[in-house]
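Accompanying notes for the structure given below.
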Number of protein chains: 2
Amino acid sequence: MKKKTTIYDIARELNITVSTVSRALSDFPAISDATKKAVVEMAKKLNYSPNKLASALKSGKTHIIGVIVPSVQAHFFASIIHCIEDGLKDSGYRVIIYQSNESVENEINGVKTLLEAQVDGIMASMSLETQDVSHFAEIVKQNKPLILFDRVHEDLIVPTVTLDDFKAGYMATQHLIDRGYKKIAFITTVHQIKIFNDRIKGYKACLTENNLPILDDHIIFGGLSIKDGRFGAGRLMRSENKPDAIVAGDDFTALGVIKKLKEIDETPPEIGVIGFANEAFSAYITPNLSTIDQHAPQIGKECAEMFLKMIQQENPYQNIEHIVLDPTVVERQSTSKTLPG
Amino acid sequence: MKKKTTIYDIARELNITVSTVSRALSDFPAISDATKKAVVEMAKKLNYSPNKLASALKSGKTHIIGVIVPSVQAHFFASIIHCIEDGLKDSGYRVIIYQSNESVENEINGVKTLLEAQVDGIMASMSLETQDVSHFAEIVKQNKPLILFDRVHEDLIVPTVTLDDFKAGYMATQHLIDRGYKKIAFITTVHQIKIFNDRIKGYKACLTENNLPILDDHIIFGGLSIKDGRFGAGRLMRSENKPDAIVAGDDFTALGVIKKLKEIDETPPEIGVIGFANEAFSAYITPNLSTIDQHAPQIGKECAEMFLKMIQQENPYQNIEHIVLDPTVVERQSTSKTLPG
DNA sequence: ATGAAAGCGCTAACAC
DNA sequence: GTGTTAGCGCTTTCAT
């Protein structure tokens, strides 16, 4: 194992000291151009690559920020990450990604790993399982920037970037009503997550405001996945109060709903279906899926900006902001009852 | 900014030395149980979190391995990553992900970042743009394990995990022939990437073996994306030698092809369409897409195992293996000409 | 069973 | 414009 070149090797070759090398490499004004040039050339010649570990240990800054998401496979999160990277790269920050796969245990592990790796800050969207948030509280205790996005938790007093989920639930429901549907069901997760609760509240508020009844057996608490969508749709269509439209907790669930409906010959838009998140596939399935767009790119952008603000303050938490974005309805075939199919 | 507890704080509180603390924390046999217990308790009390940077600097091992992929949004890569994590976690290795977004520049940056972060090894699948591989050669020069998967490059003498892409191209073509298609076109990337070249070779070999002509204007060199698929399909269907089936470079491209075909009322399986990769959406579009499954989980598993082998050897490259997996045809509606639609 | 001390590679305050 | 030196937090060899 040939060992790596360090600034000591460069210094030795050039008969100067490491401090000069260090300064030359970081383009110090006080270093002569000749020395700089010599150092840079020698560095290239010796194939020098800086050991960021050492400099981070010394300076206390890794310039790495960790992002914890349930899964990168959802286009929504992948897109947010991309925009975080984008918003941060000019400031020299790199992003590393940690997936919780919707498990608290993984999430706890993620926080631990990132903290031990001395990241300069963490951005996270919580797993569906997460109830206790003490692992996240630890980040705040260390006075490191923590920003929560989308799936946030009220116990944590930290900056957040979210969608107005009450409005999202309301809009999805109102859209169905506008399209002529009257018996609207809702499939959501059993987990007590703020954003999902807010959506239900929006759904209920919208029904009430339109003088439609809120029926307990029109609200299915289960999981969010293709499988859960199929299951929920099956249960709803077999019930006494058969709905004529379904709001699904996310686009994956909506996809399951559609598959089930097609199997039992109630192909949308006969039964209206709308999802949340505007996943990549939603425009391509048949019938293509109406959905609530959650503006992932903007969420990412806001997170990046917020982080930059936080590290500039002496105390990152001296000025806690909560950014709330507005959702948008994306209308497609699956809710086009009153339109030509 | 309250500063973090270190092993010095623990040592001071307990009136012992840092070496004892360090040993106690890493469960040295020579340390008395009483001391261990005291140390662990004090660590918890002081909210101690180890600084991996420092230990990595000292030990030269970060226990982090970097994975560079074109994009995590492709289910294929996301799935591989997941299986790499899985295969490595018992050995205490963590994975960090870097996306090249199909750009060499990002890829070069990724290698640099990961190397500077002192990762213990790198696994990569190259961007479509990559021709020159000197940035990867640098990893080998540092004698760090590098494993290439799927999109590999012949100039790099490193272990690889790939699919038999010749066979994949052959199988896709043969499948179409078996289903009664005779004029089979092929859409692929302009970039000179081994796996794509191999697929074309397989396609040509299969045509020849079935006594079918190889037509130049049946092979479209462009990009791989929904848009490119639409474009390629349009061009093929307008040509003199209108094909009756299309092999698309990946499932995204195949999706574009299908969309275009539907628009011009040549809905598959009238024109057969097959893709590569078995993306998550492929089963859900209409008609659902036949594709070549590339066994992502197994690729990930093999990468993890190979890495573990490499680091156990004094020289990681003393025994270079090339693992080649067999593809599988996943038959769905888009190629079901001779079957009930 | 535990302590003393050197050193991983780098930065930066302080000299000259 | 450049050298000297201490130290970031940890591991580890050599003592005791």
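In the structure tokens, chains take letters A, B, ... by order of appearance, with residues numbered from 1 within each chain and ligands from 1 in the order shown.
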Per-residue nearest contacts of region 32-84 of chain B to region 57-64 of chain A (12 Å; only C-alpha atoms) as JSON lines:
{"residue": "B:Asn51", "atom": "CA", "partner": "A:Leu57", "partner_atom": "CA", "distance": 8.7}
{"residue": "B:Lys52", "atom": "CA", "partner": "A:Leu57", "partner_atom": "CA", "distance": 9.5}
{"residue": "B:Leu53", "atom": "CA", "partner": "A:Leu57", "partner_atom": "CA", "distance": 6.2}
{"residue": "B:Ala54", "atom": "CA", "partner": "A:Leu57", "partner_atom": "CA", "distance": 6.3}
{"residue": "B:Ser55", "atom": "CA", "partner": "A:Leu57", "partner_atom": "CA", "distance": 10.0}
{"residue": "B:Ala56", "atom": "CA", "partner": "A:Leu57", "partner_atom": "CA", "distance": 10.1}
{"residue": "B:Leu57", "atom": "CA", "partner": "A:Leu57", "partner_atom": "CA", "distance": 8.4}
{"residue": "B:Lys58", "atom": "CA", "partner": "A:Leu57", "partner_atom": "CA", "distance": 11.0}
Kindly export the residues of the current selection with N, CA and C atoms, as an mmCIF file, in the first residue's frame.
data_model
loop_
_atom_site.group_PDB
_atom_site.id
_atom_site.type_symbol
_atom_site.label_atom_id
_atom_site.label_comp_id
_atom_site.auth_asym_id
_atom_site.auth_seq_id
_atom_site.Cartn_x
_atom_site.Cartn_y
_atom_site.Cartn_z
ATOM 1 N N ASN B 51 -15.934 11.480 17.693
ATOM 2 C CA ASN B 51 -15.579 12.211 16.485
ATOM 3 C C ASN B 51 -14.878 11.250 15.529
ATOM 4 N N LYS B 52 -15.652 10.764 14.568
ATOM 5 C CA LYS B 52 -15.121 9.766 13.633
ATOM 6 C C LYS B 52 -14.008 10.341 12.775
ATOM 7 N N LEU B 53 -14.058 11.639 12.601
ATOM 8 C CA LEU B 53 -13.021 12.287 11.816
ATOM 9 C C LEU B 53 -11.668 12.025 12.439
ATOM 10 N N ALA B 54 -11.611 12.235 13.737
ATOM 11 C CA ALA B 54 -10.345 12.075 14.440
ATOM 12 C C ALA B 54 -9.886 10.626 14.396
ATOM 13 N N SER B 55 -10.818 9.720 14.642
ATOM 14 C CA SER B 55 -10.394 8.330 14.661
ATOM 15 C C SER B 55 -10.027 7.862 13.266
ATOM 16 N N ALA B 56 -10.721 8.384 12.285
ATOM 17 C CA ALA B 56 -10.410 8.009 10.911
ATOM 18 C C ALA B 56 -9.044 8.563 10.513
ATOM 19 N N LEU B 57 -8.771 9.760 10.962
ATOM 20 C CA LEU B 57 -7.487 10.381 10.641
ATOM 21 C C LEU B 57 -6.363 9.532 11.198
ATOM 22 N N LYS B 58 -6.585 9.086 12.418
ATOM 23 C CA LYS B 58 -5.560 8.277 13.078
ATOM 24 C C LYS B 58 -5.452 6.883 12.458
#
Query raised in the report: Would you give me, as a ChimeraX atom specification, the residues in region 108-186 of chain B that DSSP reads as alpha helix (DSSP H)?
Result: /B:108-116,134-141,165-178
Report task. Please determine the contact residues of chain C with respect to chain B at a cut-off of 8 Å, counting only C-alpha atoms (C1' of nucleotides), and supply them as a ChimeraX atom specification. Result -> /C:1-3,8-9
Next, dump the selected residues to file, keeping only N, CA and C atoms (P, O5', C5', C4', C3', O3' and C1' of nucleotides), as an mmCIF file, in the first residue's frame.
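Output (part_39.cif):
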data_model
loop_
_atom_site.group_PDB
_atom_site.id
_atom_site.type_symbol
_atom_site.label_atom_id
_atom_site.label_comp_id
_atom_site.auth_asym_id
_atom_site.auth_seq_id
_atom_site.Cartn_x
_atom_site.Cartn_y
_atom_site.Cartn_z
ATOM 1 P P DA C 1 -6.775 -7.397 33.615
ATOM 2 O "O5'" DA C 1 -7.460 -5.989 33.970
ATOM 3 C "C5'" DA C 1 -7.523 -5.600 35.329
ATOM 4 C "C4'" DA C 1 -6.894 -4.247 35.439
ATOM 5 C "C3'" DA C 1 -7.541 -3.162 34.587
ATOM 6 O "O3'" DA C 1 -7.805 -2.045 35.425
ATOM 7 C "C1'" DA C 1 -5.204 -3.195 34.201
ATOM 8 P P DT C 2 -8.374 -0.733 34.922
ATOM 9 O "O5'" DT C 2 -7.069 0.047 34.527
ATOM 10 C "C5'" DT C 2 -6.461 0.908 35.492
ATOM 11 C "C4'" DT C 2 -5.231 1.511 34.875
ATOM 12 C "C3'" DT C 2 -5.480 2.768 34.039
ATOM 13 O "O3'" DT C 2 -5.058 3.858 34.834
ATOM 14 C "C1'" DT C 2 -3.748 1.381 33.167
ATOM 15 P P DG C 3 -5.231 5.326 34.288
ATOM 16 O "O5'" DG C 3 -3.738 5.672 33.853
ATOM 17 C "C5'" DG C 3 -2.698 5.491 34.803
ATOM 18 C "C4'" DG C 3 -1.368 5.868 34.165
ATOM 19 C "C3'" DG C 3 -1.382 7.200 33.401
ATOM 20 O "O3'" DG C 3 -0.182 7.891 33.700
ATOM 21 C "C1'" DG C 3 -0.673 5.450 31.963
ATOM 22 P P DC C 8 2.743 10.793 11.600
ATOM 23 O "O5'" DC C 8 1.404 10.552 10.781
ATOM 24 C "C5'" DC C 8 0.675 9.325 10.850
ATOM 25 C "C4'" DC C 8 -0.796 9.642 10.719
ATOM 26 C "C3'" DC C 8 -1.059 10.851 9.837
ATOM 27 O "O3'" DC C 8 -1.341 10.392 8.506
ATOM 28 C "C1'" DC C 8 -2.383 10.892 11.863
ATOM 29 P P DG C 9 -0.451 10.961 7.282
ATOM 30 O "O5'" DG C 9 -1.104 12.389 7.036
ATOM 31 C "C5'" DG C 9 -2.449 12.462 6.594
ATOM 32 C "C4'" DG C 9 -2.912 13.897 6.673
ATOM 33 C "C3'" DG C 9 -2.032 14.884 5.907
ATOM 34 O "O3'" DG C 9 -2.903 15.632 5.063
ATOM 35 C "C1'" DG C 9 -2.420 15.643 8.122
#
Please report as a short mmCIF file (atom, residue, chain, number, x, y, z; two decimals) with N, CA and C atoms, in the first residue's frame which residues of chain B come no farther than 8 Å from chain A, using only C-alpha atoms.
data_model
loop_
_atom_site.label_atom_id
_atom_site.label_comp_id
_atom_site.auth_asym_id
_atom_site.auth_seq_id
_atom_site.Cartn_x
_atom_site.Cartn_y
_atom_site.Cartn_z
N MET B 1 -21.74 28.70 21.03
CA MET B 1 -21.60 27.30 20.56
C MET B 1 -20.94 26.45 21.64
N LYS B 2 -21.75 25.75 22.42
CA LYS B 2 -21.20 24.85 23.43
C LYS B 2 -20.37 23.79 22.73
N LYS B 3 -19.18 23.54 23.26
CA LYS B 3 -18.39 22.57 22.50
C LYS B 3 -18.62 21.14 22.96
N LYS B 4 -18.33 20.26 22.04
CA LYS B 4 -18.67 18.84 22.23
C LYS B 4 -17.80 18.17 23.27
N SER B 49 -20.40 11.90 21.95
CA SER B 49 -20.53 11.32 20.62
C SER B 49 -19.15 11.32 19.98
N PRO B 50 -18.66 10.16 19.59
CA PRO B 50 -17.28 10.09 19.08
C PRO B 50 -17.10 10.94 17.83
N ASN B 51 -15.93 11.48 17.69
CA ASN B 51 -15.58 12.21 16.49
C ASN B 51 -14.88 11.25 15.53
N LYS B 52 -15.65 10.76 14.57
CA LYS B 52 -15.12 9.77 13.63
C LYS B 52 -14.01 10.34 12.77
N LEU B 53 -14.06 11.64 12.60
CA LEU B 53 -13.02 12.29 11.82
C LEU B 53 -11.67 12.02 12.44
N ALA B 54 -11.61 12.24 13.74
CA ALA B 54 -10.35 12.07 14.44
C ALA B 54 -9.89 10.63 14.40
N ALA B 56 -10.72 8.38 12.29
CA ALA B 56 -10.41 8.01 10.91
C ALA B 56 -9.04 8.56 10.51
N LEU B 57 -8.77 9.76 10.96
CA LEU B 57 -7.49 10.38 10.64
C LEU B 57 -6.36 9.53 11.20
N VAL B 72 -30.04 8.48 -8.95
CA VAL B 72 -30.76 7.56 -8.07
C VAL B 72 -32.22 7.42 -8.47
N GLN B 73 -32.64 8.25 -9.44
CA GLN B 73 -34.05 8.21 -9.79
C GLN B 73 -34.43 7.00 -10.62
N ALA B 74 -33.41 6.40 -11.24
CA ALA B 74 -33.69 5.15 -11.93
C ALA B 74 -33.78 4.07 -10.86
N HIS B 75 -34.87 3.35 -10.90
CA HIS B 75 -35.09 2.29 -9.92
C HIS B 75 -33.94 1.31 -9.93
N ALA B 78 -31.16 2.76 -7.78
CA ALA B 78 -31.61 2.85 -6.40
C ALA B 78 -31.62 1.48 -5.76
N ILE B 96 -22.11 6.23 1.14
CA ILE B 96 -22.60 7.53 0.74
C ILE B 96 -22.71 7.58 -0.78
N ILE B 97 -23.72 8.32 -1.21
CA ILE B 97 -24.12 8.27 -2.61
C ILE B 97 -23.72 9.56 -3.30
N TYR B 98 -23.20 9.43 -4.49
CA TYR B 98 -22.91 10.62 -5.28
C TYR B 98 -23.53 10.46 -6.67
N LEU B 115 -12.62 10.84 -2.60
CA LEU B 115 -11.22 10.57 -2.27
C LEU B 115 -10.76 11.50 -1.14
N GLU B 116 -11.11 12.76 -1.26
CA GLU B 116 -10.72 13.72 -0.22
C GLU B 116 -11.39 13.40 1.10
N ALA B 117 -12.59 12.83 1.01
CA ALA B 117 -13.29 12.45 2.23
C ALA B 117 -12.73 11.15 2.79
N GLN B 118 -11.71 10.62 2.11
CA GLN B 118 -11.00 9.43 2.56
C GLN B 118 -11.87 8.18 2.66
N GLN B 142 -4.11 5.08 -6.00
CA GLN B 142 -4.03 5.20 -4.55
C GLN B 142 -4.21 3.84 -3.87
N ASN B 143 -4.35 2.82 -4.71
CA ASN B 143 -4.50 1.47 -4.19
C ASN B 143 -5.77 1.28 -3.36
N PHE B 281 -42.15 1.68 -13.07
CA PHE B 281 -43.37 2.08 -13.78
C PHE B 281 -43.74 1.13 -14.91
N TYR B 284 -46.86 -0.72 -15.05
CA TYR B 284 -48.09 0.03 -14.81
C TYR B 284 -48.56 0.89 -15.96
N ILE B 285 -47.71 1.08 -16.95
CA ILE B 285 -48.15 1.88 -18.08
C ILE B 285 -49.05 1.03 -18.98
N THR B 286 -49.70 1.66 -19.92
CA THR B 286 -50.62 0.94 -20.80
C THR B 286 -50.20 1.12 -22.25
N GLU B 314 -3.99 -7.99 0.95
CA GLU B 314 -2.99 -6.93 1.16
C GLU B 314 -3.02 -5.96 -0.01
N ASN B 315 -3.11 -6.51 -1.21
CA ASN B 315 -3.28 -5.68 -2.40
C ASN B 315 -4.67 -5.93 -2.98
#
Produce a table with one row for each residue of chain D that has an atom at most 7 Å from any atom of chain A, each row naming the nearest atom pair and its distance in Å at one decimal; use only C-alpha atoms (C1' of nucleotides); arrange rows by chain and rising residue number; format as a tab-separated table.
residue	atom	partner	partner_atom	distance
D:DG1	C1'	A:Ile31	CA	5.9
D:DT2	C1'	A:Thr20	CA	6.5
D:DG3	C1'	A:Thr17	CA	6.7
D:DC8	C1'	A:Lys58	CA	4.4
Report task. For Tyr317 (chain A), work out the shell of residues within 8 Å, counting only C-alpha atoms (C1' of nucleotides) and skipping chain neighbours fewer than 6 positions away, then give it as a list in words. Result -> Asn143, Pro145, Val158, Pro159 and Met310 of chain A
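From CA of Lys182 (chain B) back to CA of Asn210 (chain B), the distance works out to 9.6 Å.
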Requested in this report: Please identify which residues in region 189-339 of chain B DSSP calls strand (DSSP E or B) from the backbone, and express them as a PyMOL selection string.
Outcome: chain B and resi 189+219-222+245-248+272-276+285+290-293+322-325+328-330
Residue selection dump (C-alpha atoms) as a short mmCIF file (atom, residue, chain, number, x, y, z; two decimals), in the first residue's frame:
data_model
loop_
_atom_site.label_atom_id
_atom_site.label_comp_id
_atom_site.auth_asym_id
_atom_site.auth_seq_id
_atom_site.Cartn_x
_atom_site.Cartn_y
_atom_site.Cartn_z
CA THR B 189 -27.28 6.10 -27.24
CA ILE B 219 -30.65 1.67 -35.77
CA ILE B 220 -31.15 5.07 -34.19
CA PHE B 221 -28.28 6.61 -32.30
CA GLY B 222 -29.49 9.37 -30.01
CA ALA B 245 -41.06 -3.68 -33.51
CA ILE B 246 -38.63 -1.51 -31.55
CA VAL B 247 -35.99 -2.40 -29.01
CA ALA B 248 -35.47 0.71 -26.86
CA GLY B 272 -43.82 -4.44 -30.55
CA VAL B 273 -41.83 -2.55 -27.93
CA ILE B 274 -39.33 -3.85 -25.43
CA GLY B 275 -37.04 -1.95 -23.03
CA PHE B 276 -34.22 -2.63 -20.63
CA ILE B 285 -48.15 1.88 -18.08
CA SER B 290 -42.01 -5.97 -21.82
CA THR B 291 -38.45 -5.47 -20.72
CA ILE B 292 -35.13 -7.11 -19.94
CA ASP B 293 -34.65 -7.48 -16.20
CA HIS B 322 -15.32 -10.12 -13.39
CA ILE B 323 -18.77 -11.23 -12.48
CA VAL B 324 -21.26 -11.48 -15.32
CA LEU B 325 -24.92 -12.07 -14.62
CA THR B 328 -34.09 -12.29 -18.05
CA VAL B 329 -36.95 -11.43 -20.37
CA VAL B 330 -40.01 -10.01 -18.63
#
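Interatomic distance, CA of Lys260 (chain B) to CA of Ile264 (chain A): 28.8 Å.
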**Report entry** Residue nearest DA12 (chain C) - candidates A:Ser22, A:Gln174, A:Thr208, A:Thr130, atoms counted: only C-alpha atoms (C1' of nucleotides)
**Finding:**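 That would be A:Ser22, the residue with the smallest distance to DA12 (chain C).
Here CA of Lys183 (chain A) stands at a distance of 8.6 Å from CA of Pro213 (chain A).
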